[in-house]
$ cat start.pdb   # PDB, N, CA and C atoms, pLDDT in the B column
MODEL        1
ATOM      1  N   MET A  18     -81.283  12.938 -24.346  1.00 86.00           N
ATOM      2  CA  MET A  18     -82.003  13.793 -25.265  1.00 86.00           C
ATOM      3  C   MET A  18     -83.419  13.254 -25.501  1.00 86.00           C
ATOM      4  N   ALA A  19     -83.520  11.936 -25.663  1.00 85.00           N
ATOM      5  CA  ALA A  19     -84.838  11.336 -25.894  1.00 85.00           C
ATOM      6  C   ALA A  19     -85.739  11.526 -24.680  1.00 85.00           C
ATOM      7  N   TRP A  20     -85.189  11.317 -23.472  1.00 87.00           N
ATOM      8  CA  TRP A  20     -85.996  11.485 -22.262  1.00 87.00           C
ATOM      9  C   TRP A  20     -86.394  12.940 -22.078  1.00 87.00           C
ATOM     10  N   ALA A  21     -85.502  13.858 -22.388  1.00 92.00           N
ATOM     11  CA  ALA A  21     -85.815  15.277 -22.244  1.00 92.00           C
ATOM     12  C   ALA A  21     -86.944  15.685 -23.194  1.00 92.00           C
ATOM     13  N   SER A  22     -86.879  15.230 -24.429  1.00 90.00           N
ATOM     14  CA  SER A  22     -87.938  15.582 -25.386  1.00 90.00           C
ATOM     15  C   SER A  22     -89.259  14.926 -25.002  1.00 90.00           C
ATOM     16  N   PHE A  23     -89.182  13.704 -24.460  1.00 90.00           N
ATOM     17  CA  PHE A  23     -90.393  13.020 -23.997  1.00 90.00           C
ATOM     18  C   PHE A  23     -91.036  13.802 -22.855  1.00 90.00           C
ATOM     19  N   ALA A  24     -90.229  14.189 -21.870  1.00 91.00           N
ATOM     20  CA  ALA A  24     -90.756  14.939 -20.730  1.00 91.00           C
ATOM     21  C   ALA A  24     -91.315  16.291 -21.166  1.00 91.00           C
ATOM     22  N   LEU A  25     -90.615  16.954 -22.075  1.00 94.00           N
ATOM     23  CA  LEU A  25     -91.069  18.249 -22.570  1.00 94.00           C
ATOM     24  C   LEU A  25     -92.398  18.130 -23.320  1.00 94.00           C
ATOM     25  N   SER A  26     -92.540  17.076 -24.115  1.00 91.00           N
ATOM     26  CA  SER A  26     -93.795  16.906 -24.858  1.00 91.00           C
ATOM     27  C   SER A  26     -94.956  16.606 -23.922  1.00 91.00           C
ATOM     28  N   LEU A  27     -94.721  15.789 -22.877  1.00 91.00           N
ATOM     29  CA  LEU A  27     -95.785  15.532 -21.898  1.00 91.00           C
ATOM     30  C   LEU A  27     -96.163  16.811 -21.158  1.00 91.00           C
ATOM     31  N   LEU A  28     -95.157  17.574 -20.766  1.00 93.00           N
ATOM     32  CA  LEU A  28     -95.413  18.830 -20.073  1.00 93.00           C
ATOM     33  C   LEU A  28     -96.221  19.781 -20.957  1.00 93.00           C
ATOM     34  N   ALA A  29     -95.839  19.894 -22.210  1.00 94.00           N
ATOM     35  CA  ALA A  29     -96.554  20.774 -23.134  1.00 94.00           C
ATOM     36  C   ALA A  29     -98.003  20.315 -23.324  1.00 94.00           C
ATOM     37  N   MET A  30     -98.204  19.000 -23.401  1.00 93.00           N
ATOM     38  CA  MET A  30     -99.563  18.483 -23.571  1.00 93.00           C
ATOM     39  C   MET A  30    -100.423  18.857 -22.362  1.00 93.00           C
ATOM     40  N   PHE A  31     -99.882  18.652 -21.150  1.00 92.00           N
ATOM     41  CA  PHE A  31    -100.678  18.953 -19.967  1.00 92.00           C
ATOM     42  C   PHE A  31    -100.873  20.455 -19.769  1.00 92.00           C
ATOM     43  N   ILE A  32     -99.911  21.269 -20.154  1.00 95.00           N
ATOM     44  CA  ILE A  32    -100.113  22.723 -20.102  1.00 95.00           C
ATOM     45  C   ILE A  32    -101.229  23.114 -21.066  1.00 95.00           C
ATOM     46  N   GLY A  33    -101.232  22.508 -22.234  1.00 95.00           N
ATOM     47  CA  GLY A  33    -102.299  22.780 -23.200  1.00 95.00           C
ATOM     48  C   GLY A  33    -103.663  22.363 -22.674  1.00 95.00           C
ATOM     49  N   ILE A  34    -103.716  21.216 -22.002  1.00 94.00           N
ATOM     50  CA  ILE A  34    -104.988  20.753 -21.447  1.00 94.00           C
ATOM     51  C   ILE A  34    -105.462  21.695 -20.336  1.00 94.00           C
ATOM     52  N   ILE A  35    -104.546  22.115 -19.485  1.00 94.00           N
ATOM     53  CA  ILE A  35    -104.914  23.019 -18.388  1.00 94.00           C
ATOM     54  C   ILE A  35    -105.452  24.342 -18.930  1.00 94.00           C
ATOM     55  N   ASN A  36    -104.875  24.827 -20.025  1.00 95.00           N
ATOM     56  CA  ASN A  36    -105.280  26.114 -20.590  1.00 95.00           C
ATOM     57  C   ASN A  36    -106.505  26.038 -21.491  1.00 95.00           C
ATOM     58  N   LEU A  37    -107.054  24.842 -21.697  1.00 94.00           N
ATOM     59  CA  LEU A  37    -108.270  24.720 -22.497  1.00 94.00           C
ATOM     60  C   LEU A  37    -109.434  25.429 -21.815  1.00 94.00           C
ATOM     61  N   GLU A  38    -110.236  26.073 -22.587  1.00 95.00           N
ATOM     62  CA  GLU A  38    -111.441  26.699 -22.046  1.00 95.00           C
ATOM     63  C   GLU A  38    -112.608  25.746 -22.252  1.00 95.00           C
ATOM     64  N   GLN A  39    -112.524  24.619 -21.548  1.00 95.00           N
ATOM     65  CA  GLN A  39    -113.540  23.574 -21.623  1.00 95.00           C
ATOM     66  C   GLN A  39    -113.878  23.133 -20.205  1.00 95.00           C
ATOM     67  N   PRO A  40    -115.004  22.446 -20.039  1.00 96.00           N
ATOM     68  CA  PRO A  40    -115.340  21.935 -18.701  1.00 96.00           C
ATOM     69  C   PRO A  40    -114.286  20.932 -18.216  1.00 96.00           C
ATOM     70  N   LEU A  41    -114.246  20.745 -16.907  1.00 95.00           N
ATOM     71  CA  LEU A  41    -113.276  19.843 -16.294  1.00 95.00           C
ATOM     72  C   LEU A  41    -113.423  18.421 -16.838  1.00 95.00           C
ATOM     73  N   SER A  42    -114.629  18.009 -17.182  1.00 95.00           N
ATOM     74  CA  SER A  42    -114.835  16.662 -17.711  1.00 95.00           C
ATOM     75  C   SER A  42    -114.111  16.483 -19.049  1.00 95.00           C
ATOM     76  N   VAL A  43    -114.103  17.494 -19.879  1.00 96.00           N
ATOM     77  CA  VAL A  43    -113.405  17.431 -21.163  1.00 96.00           C
ATOM     78  C   VAL A  43    -111.894  17.411 -20.934  1.00 96.00           C
ATOM     79  N   LYS A  44    -111.416  18.254 -20.029  1.00 96.00           N
ATOM     80  CA  LYS A  44    -109.994  18.274 -19.708  1.00 96.00           C
ATOM     81  C   LYS A  44    -109.543  16.919 -19.155  1.00 96.00           C
ATOM     82  N   GLY A  45    -110.358  16.329 -18.300  1.00 95.00           N
ATOM     83  CA  GLY A  45    -110.043  15.014 -17.742  1.00 95.00           C
ATOM     84  C   GLY A  45    -109.999  13.947 -18.815  1.00 95.00           C
ATOM     85  N   TYR A  46    -110.931  14.020 -19.762  1.00 96.00           N
ATOM     86  CA  TYR A  46    -110.951  13.064 -20.866  1.00 96.00           C
ATOM     87  C   TYR A  46    -109.658  13.157 -21.676  1.00 96.00           C
ATOM     88  N   TYR A  47    -109.243  14.364 -22.008  1.00 96.00           N
ATOM     89  CA  TYR A  47    -107.998  14.542 -22.771  1.00 96.00           C
ATOM     90  C   TYR A  47    -106.776  14.096 -21.965  1.00 96.00           C
ATOM     91  N   ALA A  48    -106.760  14.396 -20.684  1.00 94.00           N
ATOM     92  CA  ALA A  48    -105.631  13.992 -19.846  1.00 94.00           C
ATOM     93  C   ALA A  48    -105.528  12.469 -19.765  1.00 94.00           C
ATOM     94  N   MET A  49    -106.642  11.798 -19.553  1.00 95.00           N
ATOM     95  CA  MET A  49    -106.621  10.328 -19.477  1.00 95.00           C
ATOM     96  C   MET A  49    -106.231   9.725 -20.828  1.00 95.00           C
ATOM     97  N   THR A  50    -106.708  10.311 -21.906  1.00 94.00           N
ATOM     98  CA  THR A  50    -106.334   9.827 -23.231  1.00 94.00           C
ATOM     99  C   THR A  50    -104.831   9.974 -23.444  1.00 94.00           C
ATOM    100  N   GLY A  51    -104.270  11.101 -23.038  1.00 93.00           N
ATOM    101  CA  GLY A  51    -102.824  11.301 -23.153  1.00 93.00           C
ATOM    102  C   GLY A  51    -102.037  10.286 -22.338  1.00 93.00           C
ATOM    103  N   LEU A  52    -102.497  10.016 -21.120  1.00 92.00           N
ATOM    104  CA  LEU A  52    -101.814   9.032 -20.283  1.00 92.00           C
ATOM    105  C   LEU A  52    -101.912   7.627 -20.870  1.00 92.00           C
ATOM    106  N   PHE A  53    -103.094   7.261 -21.366  1.00 95.00           N
ATOM    107  CA  PHE A  53    -103.251   5.944 -21.988  1.00 95.00           C
ATOM    108  C   PHE A  53    -102.369   5.803 -23.231  1.00 95.00           C
ATOM    109  N   LEU A  54    -102.286   6.848 -24.037  1.00 92.00           N
ATOM    110  CA  LEU A  54    -101.423   6.802 -25.217  1.00 92.00           C
ATOM    111  C   LEU A  54     -99.959   6.650 -24.827  1.00 92.00           C
ATOM    112  N   THR A  55     -99.553   7.354 -23.778  1.00 91.00           N
ATOM    113  CA  THR A  55     -98.167   7.262 -23.305  1.00 91.00           C
ATOM    114  C   THR A  55     -97.857   5.852 -22.824  1.00 91.00           C
ATOM    115  N   MET A  56     -98.736   5.294 -21.996  1.00 92.00           N
ATOM    116  CA  MET A  56     -98.494   3.945 -21.469  1.00 92.00           C
ATOM    117  C   MET A  56     -98.529   2.904 -22.587  1.00 92.00           C
ATOM    118  N   SER A  57     -99.446   3.052 -23.539  1.00 93.00           N
ATOM    119  CA  SER A  57     -99.511   2.080 -24.630  1.00 93.00           C
ATOM    120  C   SER A  57     -98.273   2.158 -25.516  1.00 93.00           C
ATOM    121  N   ALA A  58     -97.682   3.336 -25.644  1.00 91.00           N
ATOM    122  CA  ALA A  58     -96.439   3.459 -26.417  1.00 91.00           C
ATOM    123  C   ALA A  58     -95.307   2.694 -25.742  1.00 91.00           C
ATOM    124  N   PHE A  59     -95.213   2.788 -24.395  1.00 91.00           N
ATOM    125  CA  PHE A  59     -94.195   2.027 -23.667  1.00 91.00           C
ATOM    126  C   PHE A  59     -94.421   0.524 -23.799  1.00 91.00           C
ATOM    127  N   VAL A  60     -95.672   0.101 -23.661  1.00 93.00           N
ATOM    128  CA  VAL A  60     -95.989  -1.325 -23.752  1.00 93.00           C
ATOM    129  C   VAL A  60     -95.716  -1.841 -25.159  1.00 93.00           C
ATOM    130  N   LEU A  61     -96.083  -1.083 -26.181  1.00 93.00           N
ATOM    131  CA  LEU A  61     -95.830  -1.489 -27.562  1.00 93.00           C
ATOM    132  C   LEU A  61     -94.339  -1.618 -27.830  1.00 93.00           C
ATOM    133  N   GLN A  62     -93.554  -0.663 -27.362  1.00 91.00           N
ATOM    134  CA  GLN A  62     -92.103  -0.714 -27.568  1.00 91.00           C
ATOM    135  C   GLN A  62     -91.502  -1.926 -26.882  1.00 91.00           C
ATOM    136  N   LYS A  63     -91.950  -2.230 -25.672  1.00 92.00           N
ATOM    137  CA  LYS A  63     -91.430  -3.389 -24.936  1.00 92.00           C
ATOM    138  C   LYS A  63     -91.835  -4.684 -25.627  1.00 92.00           C
ATOM    139  N   THR A  64     -93.060  -4.758 -26.106  1.00 93.00           N
ATOM    140  CA  THR A  64     -93.531  -5.960 -26.789  1.00 93.00           C
ATOM    141  C   THR A  64     -92.744  -6.202 -28.069  1.00 93.00           C
ATOM    142  N   ILE A  65     -92.517  -5.160 -28.857  1.00 93.00           N
ATOM    143  CA  ILE A  65     -91.742  -5.294 -30.089  1.00 93.00           C
ATOM    144  C   ILE A  65     -90.325  -5.739 -29.779  1.00 93.00           C
ATOM    145  N   ARG A  66     -89.715  -5.141 -28.742  1.00 92.00           N
ATOM    146  CA  ARG A  66     -88.356  -5.526 -28.358  1.00 92.00           C
ATOM    147  C   ARG A  66     -88.293  -6.982 -27.910  1.00 92.00           C
ATOM    148  N   ASP A  67     -89.269  -7.390 -27.082  1.00 92.00           N
ATOM    149  CA  ASP A  67     -89.283  -8.774 -26.601  1.00 92.00           C
ATOM    150  C   ASP A  67     -89.495  -9.757 -27.744  1.00 92.00           C
ATOM    151  N   ASN A  68     -90.382  -9.428 -28.675  1.00 91.00           N
ATOM    152  CA  ASN A  68     -90.613 -10.308 -29.824  1.00 91.00           C
ATOM    153  C   ASN A  68     -89.363 -10.426 -30.685  1.00 91.00           C
ATOM    154  N   LYS A  69     -88.649  -9.327 -30.873  1.00 90.00           N
ATOM    155  CA  LYS A  69     -87.419  -9.357 -31.659  1.00 90.00           C
ATOM    156  C   LYS A  69     -86.365 -10.206 -30.963  1.00 90.00           C
ATOM    157  N   GLU A  70     -86.249 -10.079 -29.646  1.00 87.00           N
ATOM    158  CA  GLU A  70     -85.295 -10.893 -28.898  1.00 87.00           C
ATOM    159  C   GLU A  70     -85.641 -12.377 -28.982  1.00 87.00           C
ATOM    160  N   ASP A  71     -86.947 -12.705 -28.998  1.00 87.00           N
ATOM    161  CA  ASP A  71     -87.364 -14.100 -29.098  1.00 87.00           C
ATOM    162  C   ASP A  71     -87.023 -14.694 -30.462  1.00 87.00           C
ATOM    163  N   GLU A  72     -87.024 -13.870 -31.509  1.00 84.00           N
ATOM    164  CA  GLU A  72     -86.743 -14.355 -32.861  1.00 84.00           C
ATOM    165  C   GLU A  72     -85.257 -14.557 -33.113  1.00 84.00           C
ATOM    166  N   GLU A  73     -84.401 -13.842 -32.393  1.00 76.00           N
ATOM    167  CA  GLU A  73     -82.963 -13.939 -32.623  1.00 76.00           C
ATOM    168  C   GLU A  73     -82.434 -15.257 -32.061  1.00 76.00           C
ATOM    169  N   PRO A  74     -81.559 -15.919 -32.814  1.00 71.00           N
ATOM    170  CA  PRO A  74     -80.988 -17.162 -32.290  1.00 71.00           C
ATOM    171  C   PRO A  74     -80.078 -16.859 -31.103  1.00 71.00           C
ATOM    172  N   GLU A  75     -80.099 -17.772 -30.154  1.00 68.00           N
ATOM    173  CA  GLU A  75     -79.249 -17.577 -28.985  1.00 68.00           C
ATOM    174  C   GLU A  75     -77.796 -17.786 -29.367  1.00 68.00           C
ATOM    175  N   THR A  76     -76.952 -16.915 -28.876  1.00 65.00           N
ATOM    176  CA  THR A  76     -75.525 -17.058 -29.143  1.00 65.00           C
ATOM    177  C   THR A  76     -74.915 -17.828 -27.978  1.00 65.00           C
ATOM    178  N   PRO A  77     -74.130 -18.853 -28.273  1.00 61.00           N
ATOM    179  CA  PRO A  77     -73.539 -19.635 -27.185  1.00 61.00           C
ATOM    180  C   PRO A  77     -72.534 -18.805 -26.391  1.00 61.00           C
ATOM    181  N   ALA A  78     -72.435 -19.098 -25.136  1.00 61.00           N
ATOM    182  CA  ALA A  78     -71.474 -18.408 -24.287  1.00 61.00           C
ATOM    183  C   ALA A  78     -70.083 -18.805 -24.702  1.00 61.00           C
ATOM    184  N   HIS A  79     -69.194 -17.855 -24.668  1.00 64.00           N
ATOM    185  CA  HIS A  79     -67.807 -18.146 -25.049  1.00 64.00           C
ATOM    186  C   HIS A  79     -67.119 -18.910 -23.938  1.00 64.00           C
ATOM    187  N   ASP A  80     -66.453 -19.993 -24.313  1.00 57.00           N
ATOM    188  CA  ASP A  80     -65.697 -20.757 -23.326  1.00 57.00           C
ATOM    189  C   ASP A  80     -64.400 -20.022 -23.054  1.00 57.00           C
ATOM    190  N   HIS A  81     -64.079 -19.944 -21.805  1.00 60.00           N
ATOM    191  CA  HIS A  81     -62.817 -19.297 -21.441  1.00 60.00           C
ATOM    192  C   HIS A  81     -61.682 -20.287 -21.634  1.00 60.00           C
ATOM    193  N   GLU A  82     -60.717 -19.891 -22.453  1.00 59.00           N
ATOM    194  CA  GLU A  82     -59.573 -20.767 -22.682  1.00 59.00           C
ATOM    195  C   GLU A  82     -58.576 -20.599 -21.546  1.00 59.00           C
ATOM    196  N   GLN A  83     -58.061 -21.716 -21.109  1.00 56.00           N
ATOM    197  CA  GLN A  83     -57.101 -21.665 -20.007  1.00 56.00           C
ATOM    198  C   GLN A  83     -55.723 -21.932 -20.463  1.00 56.00           C
TER
ENDMDL
END
$ encode --input "start.pdb" --output "structure tokens"
Amino acid sequence: MAWASFALSLLAMFIGIINLEQPLSVKGYYAMTGLFLTMSAFVLQKTIRDNKEDEEPETPAHDHEQ
């Protein structure tokens, strides 16, 4: 569901950019801004996740009892 909504929102953004009645340079600016925002969201999410994992204490591996 999350991936579907993400893909749908990107598609809607690019359809909106294509339908703008602006010069190609303006459309390109908006498209690049959208792509940069998308990539920065992925990088931010990964950084937050990695920082949280670094803060959590390591749990020892369970010894297998024989």
$ atom_distance --input "start.pdb" --atom1 "atom CA of A:Thr50" --atom2 "atom CA of A:Glu38"
17.7 Å
$ resolve_selection --input "start.pdb" --expression "the PyMOL selection byres ((chain A and resi 19-35) around 8)" --output "VMD selection string"
chain A and resid 18 36 to 39 43 to 45 47 to 48 51
$ atom_distance --input "start.pdb" --atom1 "atom N of A:Pro74" --atom2 "atom N of A:Met56"
29.4 Å
$ axis_aligned_box --input "start.pdb" --around "stretch 67-73 of chain A" --padding-each-side "8 Å" --output "AutoDock Vina command-line options"
--center_x -86.5 --center_y -11.3 --center_z -29.9 --size_x 24.2 --size_y 23.9 --size_z 22.5
$ select_by_dssp --input "start.pdb" --residues "chain A" --states "helix (DSSP H, G or I)" --output "MDAnalysis selection string"
chainID A and resid 19:35 41:72
$ atom_distance --input "start.pdb" --atom1 "atom N of A:Pro40" --atom2 "atom C of A:Thr55"
24.0 Å
$ decode --input "start.pdb" --residues "stretch 43-56 of chain A" --atoms "all heavy atoms" --output "PDB file, in the first residue's frame"
ATOM      1  N   VAL A  43      11.191  25.715 -16.929  1.00  0.00           N
ATOM      2  CA  VAL A  43      10.442  25.719 -15.673  1.00  0.00           C
ATOM      3  C   VAL A  43       9.991  24.300 -15.330  1.00  0.00           C
ATOM      4  O   VAL A  43      10.110  23.848 -14.188  1.00  0.00           O
ATOM      5  CB  VAL A  43       9.236  26.684 -15.745  1.00  0.00           C
ATOM      6  CG1 VAL A  43       8.373  26.578 -14.500  1.00  0.00           C
ATOM      7  CG2 VAL A  43       9.704  28.107 -15.957  1.00  0.00           C
ATOM      8  N   LYS A  44       9.497  23.574 -16.324  1.00  0.00           N
ATOM      9  CA  LYS A  44       9.085  22.192 -16.105  1.00  0.00           C
ATOM     10  C   LYS A  44      10.269  21.340 -15.642  1.00  0.00           C
ATOM     11  O   LYS A  44      10.141  20.518 -14.741  1.00  0.00           O
ATOM     12  CB  LYS A  44       8.492  21.592 -17.379  1.00  0.00           C
ATOM     13  CG  LYS A  44       7.147  22.153 -17.765  1.00  0.00           C
ATOM     14  CD  LYS A  44       6.666  21.470 -19.024  1.00  0.00           C
ATOM     15  CE  LYS A  44       5.323  21.999 -19.464  1.00  0.00           C
ATOM     16  NZ  LYS A  44       4.807  21.269 -20.625  1.00  0.00           N
ATOM     17  N   GLY A  45      11.421  21.548 -16.253  1.00  0.00           N
ATOM     18  CA  GLY A  45      12.626  20.816 -15.861  1.00  0.00           C
ATOM     19  C   GLY A  45      13.040  21.138 -14.441  1.00  0.00           C
ATOM     20  O   GLY A  45      13.465  20.252 -13.687  1.00  0.00           O
ATOM     21  N   TYR A  46      12.927  22.409 -14.066  1.00  0.00           N
ATOM     22  CA  TYR A  46      13.260  22.818 -12.704  1.00  0.00           C
ATOM     23  C   TYR A  46      12.359  22.102 -11.696  1.00  0.00           C
ATOM     24  O   TYR A  46      12.837  21.551 -10.704  1.00  0.00           O
ATOM     25  CB  TYR A  46      13.110  24.338 -12.565  1.00  0.00           C
ATOM     26  CG  TYR A  46      13.350  24.841 -11.178  1.00  0.00           C
ATOM     27  CD1 TYR A  46      14.635  25.022 -10.697  1.00  0.00           C
ATOM     28  CD2 TYR A  46      12.284  25.133 -10.320  1.00  0.00           C
ATOM     29  CE1 TYR A  46      14.874  25.470  -9.407  1.00  0.00           C
ATOM     30  CE2 TYR A  46      12.504  25.578  -9.045  1.00  0.00           C
ATOM     31  CZ  TYR A  46      13.796  25.754  -8.595  1.00  0.00           C
ATOM     32  OH  TYR A  46      14.008  26.199  -7.318  1.00  0.00           O
ATOM     33  N   TYR A  47      11.067  22.078 -11.958  1.00  0.00           N
ATOM     34  CA  TYR A  47      10.134  21.394 -11.050  1.00  0.00           C
ATOM     35  C   TYR A  47      10.386  19.885 -11.018  1.00  0.00           C
ATOM     36  O   TYR A  47      10.303  19.257  -9.960  1.00  0.00           O
ATOM     37  CB  TYR A  47       8.683  21.672 -11.449  1.00  0.00           C
ATOM     38  CG  TYR A  47       8.204  23.070 -11.113  1.00  0.00           C
ATOM     39  CD1 TYR A  47       7.340  23.747 -11.965  1.00  0.00           C
ATOM     40  CD2 TYR A  47       8.602  23.707  -9.951  1.00  0.00           C
ATOM     41  CE1 TYR A  47       6.886  25.024 -11.667  1.00  0.00           C
ATOM     42  CE2 TYR A  47       8.161  24.979  -9.646  1.00  0.00           C
ATOM     43  CZ  TYR A  47       7.310  25.631 -10.508  1.00  0.00           C
ATOM     44  OH  TYR A  47       6.871  26.892 -10.208  1.00  0.00           O
ATOM     45  N   ALA A  48      10.672  19.300 -12.160  1.00  0.00           N
ATOM     46  CA  ALA A  48      10.937  17.862 -12.207  1.00  0.00           C
ATOM     47  C   ALA A  48      12.192  17.512 -11.406  1.00  0.00           C
ATOM     48  O   ALA A  48      12.195  16.546 -10.629  1.00  0.00           O
ATOM     49  CB  ALA A  48      11.079  17.399 -13.655  1.00  0.00           C
ATOM     50  N   MET A  49      13.252  18.276 -11.578  1.00  0.00           N
ATOM     51  CA  MET A  49      14.491  18.007 -10.830  1.00  0.00           C
ATOM     52  C   MET A  49      14.274  18.231  -9.332  1.00  0.00           C
ATOM     53  O   MET A  49      14.783  17.466  -8.509  1.00  0.00           O
ATOM     54  CB  MET A  49      15.625  18.897 -11.338  1.00  0.00           C
ATOM     55  CG  MET A  49      16.086  18.523 -12.726  1.00  0.00           C
ATOM     56  SD  MET A  49      16.569  16.779 -12.878  1.00  0.00           S
ATOM     57  CE  MET A  49      17.960  16.702 -11.806  1.00  0.00           C
ATOM     58  N   THR A  50      13.514  19.247  -8.982  1.00  0.00           N
ATOM     59  CA  THR A  50      13.216  19.489  -7.574  1.00  0.00           C
ATOM     60  C   THR A  50      12.444  18.313  -6.986  1.00  0.00           C
ATOM     61  O   THR A  50      12.750  17.854  -5.876  1.00  0.00           O
ATOM     62  CB  THR A  50      12.392  20.787  -7.414  1.00  0.00           C
ATOM     63  OG1 THR A  50      13.151  21.875  -7.948  1.00  0.00           O
ATOM     64  CG2 THR A  50      12.071  21.062  -5.957  1.00  0.00           C
ATOM     65  N   GLY A  51      11.474  17.797  -7.722  1.00  0.00           N
ATOM     66  CA  GLY A  51      10.721  16.630  -7.258  1.00  0.00           C
ATOM     67  C   GLY A  51      11.609  15.411  -7.068  1.00  0.00           C
ATOM     68  O   GLY A  51      11.479  14.681  -6.087  1.00  0.00           O
ATOM     69  N   LEU A  52      12.517  15.184  -8.013  1.00  0.00           N
ATOM     70  CA  LEU A  52      13.428  14.048  -7.892  1.00  0.00           C
ATOM     71  C   LEU A  52      14.379  14.210  -6.709  1.00  0.00           C
ATOM     72  O   LEU A  52      14.645  13.256  -5.974  1.00  0.00           O
ATOM     73  CB  LEU A  52      14.217  13.863  -9.191  1.00  0.00           C
ATOM     74  CG  LEU A  52      13.410  13.369 -10.388  1.00  0.00           C
ATOM     75  CD1 LEU A  52      14.281  13.319 -11.636  1.00  0.00           C
ATOM     76  CD2 LEU A  52      12.831  11.993 -10.098  1.00  0.00           C
ATOM     77  N   PHE A  53      14.913  15.418  -6.526  1.00  0.00           N
ATOM     78  CA  PHE A  53      15.798  15.660  -5.384  1.00  0.00           C
ATOM     79  C   PHE A  53      15.062  15.473  -4.056  1.00  0.00           C
ATOM     80  O   PHE A  53      15.608  14.914  -3.108  1.00  0.00           O
ATOM     81  CB  PHE A  53      16.416  17.061  -5.444  1.00  0.00           C
ATOM     82  CG  PHE A  53      17.564  17.171  -6.402  1.00  0.00           C
ATOM     83  CD1 PHE A  53      17.628  18.217  -7.303  1.00  0.00           C
ATOM     84  CD2 PHE A  53      18.586  16.235  -6.413  1.00  0.00           C
ATOM     85  CE1 PHE A  53      18.682  18.328  -8.192  1.00  0.00           C
ATOM     86  CE2 PHE A  53      19.645  16.342  -7.304  1.00  0.00           C
ATOM     87  CZ  PHE A  53      19.689  17.392  -8.194  1.00  0.00           C
ATOM     88  N   LEU A  54      13.828  15.941  -3.975  1.00  0.00           N
ATOM     89  CA  LEU A  54      13.047  15.755  -2.753  1.00  0.00           C
ATOM     90  C   LEU A  54      12.790  14.279  -2.479  1.00  0.00           C
ATOM     91  O   LEU A  54      12.864  13.817  -1.337  1.00  0.00           O
ATOM     92  CB  LEU A  54      11.715  16.499  -2.853  1.00  0.00           C
ATOM     93  CG  LEU A  54      11.768  17.994  -2.605  1.00  0.00           C
ATOM     94  CD1 LEU A  54      10.434  18.635  -2.966  1.00  0.00           C
ATOM     95  CD2 LEU A  54      12.121  18.284  -1.168  1.00  0.00           C
ATOM     96  N   THR A  55      12.498  13.527  -3.533  1.00  0.00           N
ATOM     97  CA  THR A  55      12.257  12.088  -3.381  1.00  0.00           C
ATOM     98  C   THR A  55      13.509  11.383  -2.880  1.00  0.00           C
ATOM     99  O   THR A  55      13.458  10.596  -1.927  1.00  0.00           O
ATOM    100  CB  THR A  55      11.804  11.486  -4.717  1.00  0.00           C
ATOM    101  OG1 THR A  55      10.631  12.176  -5.155  1.00  0.00           O
ATOM    102  CG2 THR A  55      11.509  10.016  -4.583  1.00  0.00           C
ATOM    103  N   MET A  56      14.647  11.665  -3.509  1.00  0.00           N
ATOM    104  CA  MET A  56      15.894  11.005  -3.099  1.00  0.00           C
ATOM    105  C   MET A  56      16.297  11.421  -1.685  1.00  0.00           C
ATOM    106  O   MET A  56      16.763  10.597  -0.899  1.00  0.00           O
ATOM    107  CB  MET A  56      17.015  11.329  -4.084  1.00  0.00           C
ATOM    108  CG  MET A  56      16.798  10.699  -5.446  1.00  0.00           C
ATOM    109  SD  MET A  56      16.483   8.913  -5.401  1.00  0.00           S
ATOM    110  CE  MET A  56      17.936   8.300  -4.622  1.00  0.00           C
TER     111      MET A  56
END
